[in-house]
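work-v5.pdb (PDB, C-alpha atoms and all ligand atoms)
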ATOM      1  CA  MET A   1     -22.532   8.344  -1.618  1.00  0.00           C
ATOM      2  CA  LEU A   2     -20.042   5.546  -1.123  1.00  0.00           C
ATOM      3  CA  THR A   3     -21.091   2.701   1.160  1.00  0.00           C
ATOM      4  CA  ASN A   4     -19.110   1.728   4.254  1.00  0.00           C
ATOM      5  CA  LYS A   5     -17.831  -1.326   2.402  1.00  0.00           C
ATOM      6  CA  GLU A   6     -16.605   0.768  -0.536  1.00  0.00           C
ATOM      7  CA  LEU A   7     -14.884   3.249   1.771  1.00  0.00           C
ATOM      8  CA  ILE A   8     -13.217   0.422   3.708  1.00  0.00           C
ATOM      9  CA  LYS A   9     -11.935  -0.973   0.380  1.00  0.00           C
ATOM     10  CA  LYS A  10     -10.609   2.428  -0.679  1.00  0.00           C
ATOM     11  CA  ALA A  11      -8.816   2.880   2.661  1.00  0.00           C
ATOM     12  CA  ALA A  12      -7.295  -0.605   2.327  1.00  0.00           C
ATOM     13  CA  SER A  13      -6.205   0.087  -1.261  1.00  0.00           C
ATOM     14  CA  VAL A  14      -3.604   2.689  -0.222  1.00  0.00           C
ATOM     15  CA  ILE A  15      -1.873   0.489   2.347  1.00  0.00           C
ATOM     16  CA  GLU A  16       1.656  -0.198   1.149  1.00  0.00           C
ATOM     17  CA  PRO A  17       3.832  -0.779   4.205  1.00  0.00           C
ATOM     18  CA  LYS A  18       7.454   0.282   3.912  1.00  0.00           C
ATOM     19  CA  GLU A  19      10.094  -0.558   6.457  1.00  0.00           C
ATOM     20  CA  VAL A  20      12.257   2.394   7.339  1.00  0.00           C
ATOM     21  CA  LYS A  21      14.718   3.126  10.114  1.00  0.00           C
ATOM     22  CA  GLY A  22      12.622   3.207  13.254  1.00  0.00           C
ATOM     23  CA  GLY A  23       9.606   1.251  12.048  1.00  0.00           C
ATOM     24  CA  LEU A  24       6.897   0.953   9.415  1.00  0.00           C
ATOM     25  CA  ILE A  25       5.195   3.671   7.439  1.00  0.00           C
ATOM     26  CA  GLY A  26       2.148   3.375   5.203  1.00  0.00           C
ATOM     27  CA  ASN A  27       0.655   0.456   7.138  1.00  0.00           C
ATOM     28  CA  VAL A  28      -2.646   2.190   7.994  1.00  0.00           C
ATOM     29  CA  GLY A  29      -4.892   3.683   5.321  1.00  0.00           C
ATOM     30  CA  CYS A  30      -7.742   6.144   5.622  1.00  0.00           C
ATOM     31  CA  ALA A  31     -10.589   7.193   3.346  1.00  0.00           C
ATOM     32  CA  LEU A  32     -12.985  10.020   4.076  1.00  0.00           C
ATOM     33  CA  ILE A  33     -15.902  11.710   2.377  1.00  0.00           C
ATOM     34  CA  ALA A  34     -16.069  15.467   2.844  1.00  0.00           C
ATOM     35  CA  LYS A  35     -19.332  17.377   3.135  1.00  0.00           C
ATOM     36  CA  SER A  36     -19.068  18.264  -0.584  1.00  0.00           C
ATOM     37  CA  GLY A  37     -19.124  14.567  -1.462  1.00  0.00           C
ATOM     38  CA  LYS A  38     -15.475  14.506  -2.572  1.00  0.00           C
ATOM     39  CA  PHE A  39     -13.383  11.780  -1.062  1.00  0.00           C
ATOM     40  CA  PHE A  40      -9.804  11.863   0.181  1.00  0.00           C
ATOM     41  CA  LEU A  41      -7.205   9.258   1.068  1.00  0.00           C
ATOM     42  CA  GLY A  42      -4.266   9.146   3.441  1.00  0.00           C
ATOM     43  CA  VAL A  43      -1.718   6.809   4.953  1.00  0.00           C
ATOM     44  CA  CYS A  44       0.057   6.935   8.269  1.00  0.00           C
ATOM     45  CA  THR A  45       3.645   8.024   8.419  1.00  0.00           C
ATOM     46  CA  GLY A  46       3.994   7.390  12.117  1.00  0.00           C
ATOM     47  CA  LEU A  47       7.098   5.858  13.592  1.00  0.00           C
ATOM     48  CA  GLY A  48       5.898   4.763  16.979  1.00  0.00           C
ATOM     49  CA  TRP A  49       3.744   7.126  19.007  1.00  0.00           C
ATOM     50  CA  ALA A  50       6.178   9.968  19.550  1.00  0.00           C
ATOM     51  CA  HIS A  51       6.190  11.480  16.083  1.00  0.00           C
ATOM     52  CA  GLY A  52       4.551  10.990  12.756  1.00  0.00           C
ATOM     53  CA  VAL A  53       1.125  11.459  11.286  1.00  0.00           C
ATOM     54  CA  CYS A  54      -1.899   9.168  11.481  1.00  0.00           C
ATOM     55  CA  ALA A  55      -3.641   8.089   8.269  1.00  0.00           C
ATOM     56  CA  GLU A  56      -6.717  10.084   9.314  1.00  0.00           C
ATOM     57  CA  GLN A  57      -4.664  13.261   9.721  1.00  0.00           C
ATOM     58  CA  ALA A  58      -3.065  12.739   6.299  1.00  0.00           C
ATOM     59  CA  ALA A  59      -6.488  12.329   4.625  1.00  0.00           C
ATOM     60  CA  ILE A  60      -7.859  15.319   6.544  1.00  0.00           C
ATOM     61  CA  SER A  61      -4.877  17.459   5.497  1.00  0.00           C
ATOM     62  CA  SER A  62      -5.575  16.575   1.888  1.00  0.00           C
ATOM     63  CA  MET A  63      -9.210  17.632   2.399  1.00  0.00           C
ATOM     64  CA  ILE A  64      -8.106  20.927   3.985  1.00  0.00           C
ATOM     65  CA  ALA A  65      -5.775  21.534   1.024  1.00  0.00           C
ATOM     66  CA  ASN A  66      -8.978  21.402  -1.036  1.00  0.00           C
ATOM     67  CA  GLY A  67     -10.582  24.069   1.139  1.00  0.00           C
ATOM     68  CA  GLU A  68     -12.874  21.799   3.136  1.00  0.00           C
ATOM     69  CA  TYR A  69     -13.184  21.168   6.864  1.00  0.00           C
ATOM     70  CA  ALA A  70     -16.419  19.235   7.368  1.00  0.00           C
ATOM     71  CA  ILE A  71     -16.156  15.443   7.306  1.00  0.00           C
ATOM     72  CA  GLU A  72     -19.181  13.370   6.390  1.00  0.00           C
ATOM     73  CA  LYS A  73     -17.707   9.898   6.930  1.00  0.00           C
ATOM     74  CA  ILE A  74     -14.268   8.548   7.755  1.00  0.00           C
ATOM     75  CA  VAL A  75     -12.627   5.159   8.161  1.00  0.00           C
ATOM     76  CA  ALA A  76      -9.129   3.887   8.914  1.00  0.00           C
ATOM     77  CA  VAL A  77      -7.955   0.342   8.279  1.00  0.00           C
ATOM     78  CA  TRP A  78      -4.938  -1.842   8.966  1.00  0.00           C
ATOM     79  CA  LYS A  79      -3.944  -5.121   7.317  1.00  0.00           C
ATOM     80  CA  ASP A  80      -2.241  -8.038   8.967  1.00  0.00           C
ATOM     81  CA  GLU A  81       0.446 -10.197   7.317  1.00  0.00           C
ATOM     82  CA  THR A  82      -2.251 -12.327   5.622  1.00  0.00           C
ATOM     83  CA  GLU A  83      -3.806  -9.160   4.107  1.00  0.00           C
ATOM     84  CA  ALA A  84      -6.861  -9.452   6.371  1.00  0.00           C
ATOM     85  CA  VAL A  85      -8.372  -5.983   6.749  1.00  0.00           C
ATOM     86  CA  PHE A  86      -9.218  -4.566  10.175  1.00  0.00           C
ATOM     87  CA  VAL A  87     -11.197  -1.374  10.711  1.00  0.00           C
ATOM     88  CA  ILE A  88      -9.623   0.601  13.555  1.00  0.00           C
ATOM     89  CA  PRO A  89     -11.106   3.524  15.499  1.00  0.00           C
ATOM     90  CA  PRO A  90      -9.353   6.918  15.415  1.00  0.00           C
ATOM     91  CA  CYS A  91      -6.872   7.543  18.238  1.00  0.00           C
ATOM     92  CA  GLY A  92      -7.631  10.234  20.815  1.00  0.00           C
ATOM     93  CA  ASN A  93      -5.471  12.780  19.037  1.00  0.00           C
ATOM     94  CA  CYS A  94      -7.359  12.273  15.753  1.00  0.00           C
ATOM     95  CA  ARG A  95     -10.746  12.508  17.484  1.00  0.00           C
ATOM     96  CA  GLN A  96      -9.740  15.855  18.954  1.00  0.00           C
ATOM     97  CA  TYR A  97      -8.232  16.993  15.637  1.00  0.00           C
ATOM     98  CA  MET A  98     -11.510  16.276  13.802  1.00  0.00           C
ATOM     99  CA  LYS A  99     -13.370  18.347  16.381  1.00  0.00           C
ATOM    100  CA  GLU A 100     -10.864  21.226  16.307  1.00  0.00           C
ATOM    101  CA  ILE A 101     -10.860  21.736  12.526  1.00  0.00           C
ATOM    102  CA  ASP A 102     -14.652  22.160  12.381  1.00  0.00           C
ATOM    103  CA  VAL A 103     -16.840  21.958  15.470  1.00  0.00           C
ATOM    104  CA  SER A 104     -19.800  20.741  13.342  1.00  0.00           C
ATOM    105  CA  ASN A 105     -17.873  17.483  12.910  1.00  0.00           C
ATOM    106  CA  ILE A 106     -18.689  16.578  16.515  1.00  0.00           C
ATOM    107  CA  GLN A 107     -22.380  16.076  15.646  1.00  0.00           C
ATOM    108  CA  ASN A 108     -22.139  15.315  11.909  1.00  0.00           C
ATOM    109  CA  THR A 109     -19.106  13.137  11.257  1.00  0.00           C
ATOM    110  CA  GLU A 110     -19.800   9.431  11.037  1.00  0.00           C
ATOM    111  CA  ILE A 111     -16.919   7.188  12.030  1.00  0.00           C
ATOM    112  CA  ILE A 112     -17.062   3.788  10.391  1.00  0.00           C
ATOM    113  CA  LEU A 113     -16.198   1.019  12.860  1.00  0.00           C
ATOM    114  CA  ASP A 114     -17.407  -1.871  10.692  1.00  0.00           C
ATOM    115  CA  GLU A 115     -19.272  -2.499   7.460  1.00  0.00           C
ATOM    116  CA  ASN A 116     -22.546  -2.215   9.379  1.00  0.00           C
ATOM    117  CA  LYS A 117     -21.547   0.019  12.262  1.00  0.00           C
ATOM    118  CA  THR A 118     -20.964   3.754  12.341  1.00  0.00           C
ATOM    119  CA  VAL A 119     -20.897   6.118  15.315  1.00  0.00           C
ATOM    120  CA  LYS A 120     -20.918   9.898  15.534  1.00  0.00           C
ATOM    121  CA  LEU A 121     -17.695  11.637  16.568  1.00  0.00           C
ATOM    122  CA  SER A 122     -19.567  12.872  19.670  1.00  0.00           C
ATOM    123  CA  GLU A 123     -19.920   9.258  20.818  1.00  0.00           C
ATOM    124  CA  LEU A 124     -16.136   8.808  20.734  1.00  0.00           C
ATOM    125  CA  LEU A 125     -15.479  12.181  22.372  1.00  0.00           C
ATOM    126  CA  PRO A 126     -18.309  12.440  24.899  1.00  0.00           C
ATOM    127  CA  TYR A 127     -16.748  15.047  27.220  1.00  0.00           C
ATOM    128  CA  TYR A 128     -15.425  17.406  24.549  1.00  0.00           C
ATOM    129  CA  ASP A 129     -17.322  20.371  26.060  1.00  0.00           C
ATOM    130  CA  TRP A 130     -16.708  19.513  29.714  1.00  0.00           C
ATOM    131  CA  TRP A 131     -15.178  22.757  30.916  1.00  0.00           C
ATOM    132  CA  GLN A 132     -16.171  23.264  34.534  1.00  0.00           C
ATOM    133  CA  LYS A 133     -15.201  26.541  36.120  1.00  0.00           C
ATOM    134  CA  GLN A 134     -13.778  25.961  39.590  1.00  0.00           C
ATOM    135  CA  GLU A 135     -15.091  28.349  42.218  1.00  0.00           C
ATOM    136  CA  GLY A 136     -12.483  30.359  44.063  1.00  0.00           C
ATOM    137  CA  SER A 137      -9.887  29.865  41.369  1.00  0.00           C
ATOM    138  CA  HIS A 138     -10.326  33.203  39.629  1.00  0.00           C
ATOM    139  CA  GLY A 139      -7.125  35.175  39.248  1.00  0.00           C
ATOM    140  CA  LYS A 140      -4.993  32.802  41.276  1.00  0.00           C
ATOM    141  CA  SER A 141      -3.355  29.515  40.624  1.00  0.00           C
ATOM    142  CA  ILE A 142      -4.998  26.487  42.188  1.00  0.00           C
ATOM    143  CA  ARG A 143      -2.985  24.880  44.951  1.00  0.00           C
TER     144      ARG A 143
HETATM  145 ZN    ZN A 201      -4.699   9.064  15.080  1.00  0.00          ZN
END
Please express the file's structure as structure tokens.
Ligand SMILES: [Zn+2]
Amino acid sequence: MLTNKELIKKAASVIEPKEVKGGLIGNVGCALIAKSGKFFLGVCTGLGWAHGVCAEQAAISSMIANGEYAIEKIVAVWKDETEAVFVIPPCGNCRQYMKEIDVSNIQNTEIILDENKTVKLSELLPYYDWWQKQEGSHGKSIR
């Protein structure tokens, strides 16, 4: 199993920012280890927040193309103009995406936040199962 440090290095190795109309692409890299032990890489292709794909989603798509859905460990990194590497947490959309593709990820996936710090996906998505039925709302719209 790759260490956090090795995974952070792998995620950083795919960062190759390219300036395109509307912004930068390829400026965040992601590395993940699937349950099988295989690892996958991805880069972001997001132009601002409105459209595009996060590095995590790109790596996860690659994993899904290999027939896997369970993530063991995942990390995303960004580099500044001096090539300093920063580990960044997954955005809300990616947290939800990881949960949606395989509900076991909520308890099993480790998100790397630093060389010596990992948290479970459930810690970043604590209210994922908070569905409270509202009394008196059955069959009618709530006003
Ligand atoms: Zn994201």
With a distance cut-off of 10 Å and all atoms listed in the file, select the neighbouring residues of Val28 of chain A, excluding the residue or stretch itself and same-chain residues fewer than 3 positions from it, and output the selection as a ChimeraX atom specification.
/A:11-12,14-17,24-25,42-46,54-56,76-79,86-88
Ranking A:Ala65, A:Leu125, A:Val75, A:Leu2 by minimum distance to Arg95 of chain A and counting all atoms listed in the file, which one comes first?
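Of the candidates, the smallest distance to Arg95 of chain A is held by A:Leu125.
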Contacts of Val103 of chain A within 12 Å, all atoms listed in the file, excl. fewer than 5 positions in-chain, as a list in words:
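The filter keeps Tyr69, Ala70, Ile71, Arg95, Gln96, Tyr97, Met98, Asn108, Thr109, Leu121, Ser122, Tyr128 and Asp129 of chain A.
Rounded to one decimal, atom ZN of ligand ZN 201 (chain A) and atom CA of Gly92 of chain A lie 6.5 Å from each other.
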Rank nothing, just name the residue among A:Lys5, A:Ala31, A:Val53, A:Val85 nearest to ligand ZN 201 (chain A), using only C-alpha atoms and all ligand atoms.
A:Val53
Write out as a ChimeraX atom specification each polymer residue (protein, DNA or RNA) that has an atom no more than 6 Å from ligand ZN 201 (chain A), with all atoms listed in the file counted.
/A:54,90-91,93-94
Can you give me, as a ChimeraX atom specification, the residues this file yields under the PyMOL selection byres (((chain A and resi 37) around 12) and not hetatm)?
/A:1-2,32-36,38-40,63,68,70-73
Residue nearest Asp114 of chain A - candidates A:Lys10, A:Glu83, A:Gly26, A:Pro89, atoms counted: all atoms listed in the file
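When distances to Asp114 of chain A are compared using all atoms listed in the file, the smallest one comes from A:Pro89.
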To verify the selection step, state as a list in words which residues the PyMOL selection byres (((chain A and resi 116) around 12) and not hetatm) yields on this input.
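Taken over the shown coordinates, the PyMOL selection byres (((chain A and resi 116) around 12) and not hetatm) returns Thr3, Asn4, Lys5, Glu6, Ile8, Val87, Ile111, Ile112, Leu113, Asp114, Glu115, Lys117, Thr118 and Val119 of chain A.
Taking atom CA of Gln57 of chain A and atom CA of Asn105 of chain A as endpoints, the distance between them is 14.2 Å.
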Separation of atom CA of Asp80 of chain A and atom CA of Leu47 of chain A, in Å?
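So the two atoms, atom CA of Asp80 of chain A and atom CA of Leu47 of chain A, lie 17.4 Å apart.
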Box time for segment 21-30 of chain A: axis-aligned, enclosing all its listed atoms, 5 Å extra on each side; report centre and edge lengths in Å to one decimal, as AutoDock Vina command-line options.
--center_x 3.5 --center_y 3.3 --center_z 9.2 --size_x 32.5 --size_y 15.7 --size_z 18.1
Quick test: take segment 53-101 of chain A, keep C-alpha atoms, and write it as a PDB file, in the first residue's frame.
ATOM      1  CA  VAL A  53     -14.665  18.345 -13.573  1.00  0.00           C
ATOM      2  CA  CYS A  54     -12.672  18.177 -10.343  1.00  0.00           C
ATOM      3  CA  ALA A  55      -9.452  16.143 -10.233  1.00  0.00           C
ATOM      4  CA  GLU A  56     -11.114  13.717  -7.807  1.00  0.00           C
ATOM      5  CA  GLN A  57     -14.000  13.106 -10.211  1.00  0.00           C
ATOM      6  CA  ALA A  58     -11.562  12.498 -13.079  1.00  0.00           C
ATOM      7  CA  ALA A  59      -9.599   9.922 -11.030  1.00  0.00           C
ATOM      8  CA  ILE A  60     -12.836   8.305  -9.839  1.00  0.00           C
ATOM      9  CA  SER A  61     -14.138   8.087 -13.421  1.00  0.00           C
ATOM     10  CA  SER A  62     -10.953   6.308 -14.416  1.00  0.00           C
ATOM     11  CA  MET A  63     -11.491   3.866 -11.527  1.00  0.00           C
ATOM     12  CA  ILE A  64     -15.109   3.279 -12.601  1.00  0.00           C
ATOM     13  CA  ALA A  65     -13.911   2.625 -16.165  1.00  0.00           C
ATOM     14  CA  ASN A  66     -11.923  -0.209 -14.572  1.00  0.00           C
ATOM     15  CA  GLY A  67     -15.063  -1.617 -12.968  1.00  0.00           C
ATOM     16  CA  GLU A  68     -14.418  -0.418  -9.427  1.00  0.00           C
ATOM     17  CA  TYR A  69     -16.433   1.805  -7.105  1.00  0.00           C
ATOM     18  CA  ALA A  70     -14.874   1.458  -3.655  1.00  0.00           C
ATOM     19  CA  ILE A  71     -12.142   3.949  -2.771  1.00  0.00           C
ATOM     20  CA  GLU A  72      -9.555   3.047  -0.165  1.00  0.00           C
ATOM     21  CA  LYS A  73      -7.649   6.343  -0.053  1.00  0.00           C
ATOM     22  CA  ILE A  74      -7.772   9.575  -2.022  1.00  0.00           C
ATOM     23  CA  VAL A  75      -5.862  12.843  -2.137  1.00  0.00           C
ATOM     24  CA  ALA A  76      -6.001  16.021  -4.211  1.00  0.00           C
ATOM     25  CA  VAL A  77      -3.201  18.563  -4.428  1.00  0.00           C
ATOM     26  CA  TRP A  78      -2.564  22.005  -5.875  1.00  0.00           C
ATOM     27  CA  LYS A  79       0.756  23.734  -6.538  1.00  0.00           C
ATOM     28  CA  ASP A  80       1.478  27.410  -6.216  1.00  0.00           C
ATOM     29  CA  GLU A  81       3.727  29.394  -8.583  1.00  0.00           C
ATOM     30  CA  THR A  82       6.829  28.293  -6.621  1.00  0.00           C
ATOM     31  CA  GLU A  83       5.814  24.618  -7.069  1.00  0.00           C
ATOM     32  CA  ALA A  84       4.973  24.291  -3.363  1.00  0.00           C
ATOM     33  CA  VAL A  85       2.454  21.467  -2.981  1.00  0.00           C
ATOM     34  CA  PHE A  86      -0.748  21.942  -0.987  1.00  0.00           C
ATOM     35  CA  VAL A  87      -3.101  19.113  -0.062  1.00  0.00           C
ATOM     36  CA  ILE A  88      -6.691  20.292  -0.488  1.00  0.00           C
ATOM     37  CA  PRO A  89      -9.878  18.668   0.824  1.00  0.00           C
ATOM     38  CA  PRO A  90     -12.542  17.487  -1.648  1.00  0.00           C
ATOM     39  CA  CYS A  91     -15.288  20.014  -2.418  1.00  0.00           C
ATOM     40  CA  GLY A  92     -18.849  19.284  -1.302  1.00  0.00           C
ATOM     41  CA  ASN A  93     -19.820  17.955  -4.708  1.00  0.00           C
ATOM     42  CA  CYS A  94     -16.940  15.441  -4.686  1.00  0.00           C
ATOM     43  CA  ARG A  95     -17.749  14.310  -1.139  1.00  0.00           C
ATOM     44  CA  GLN A  96     -21.311  13.573  -2.207  1.00  0.00           C
ATOM     45  CA  TYR A  97     -20.126  11.930  -5.443  1.00  0.00           C
ATOM     46  CA  MET A  98     -17.857   9.541  -3.500  1.00  0.00           C
ATOM     47  CA  LYS A  99     -20.800   8.578  -1.307  1.00  0.00           C
ATOM     48  CA  GLU A 100     -23.217   8.152  -4.232  1.00  0.00           C
ATOM     49  CA  ILE A 101     -21.031   5.804  -6.296  1.00  0.00           C
TER      50      ILE A 101
END
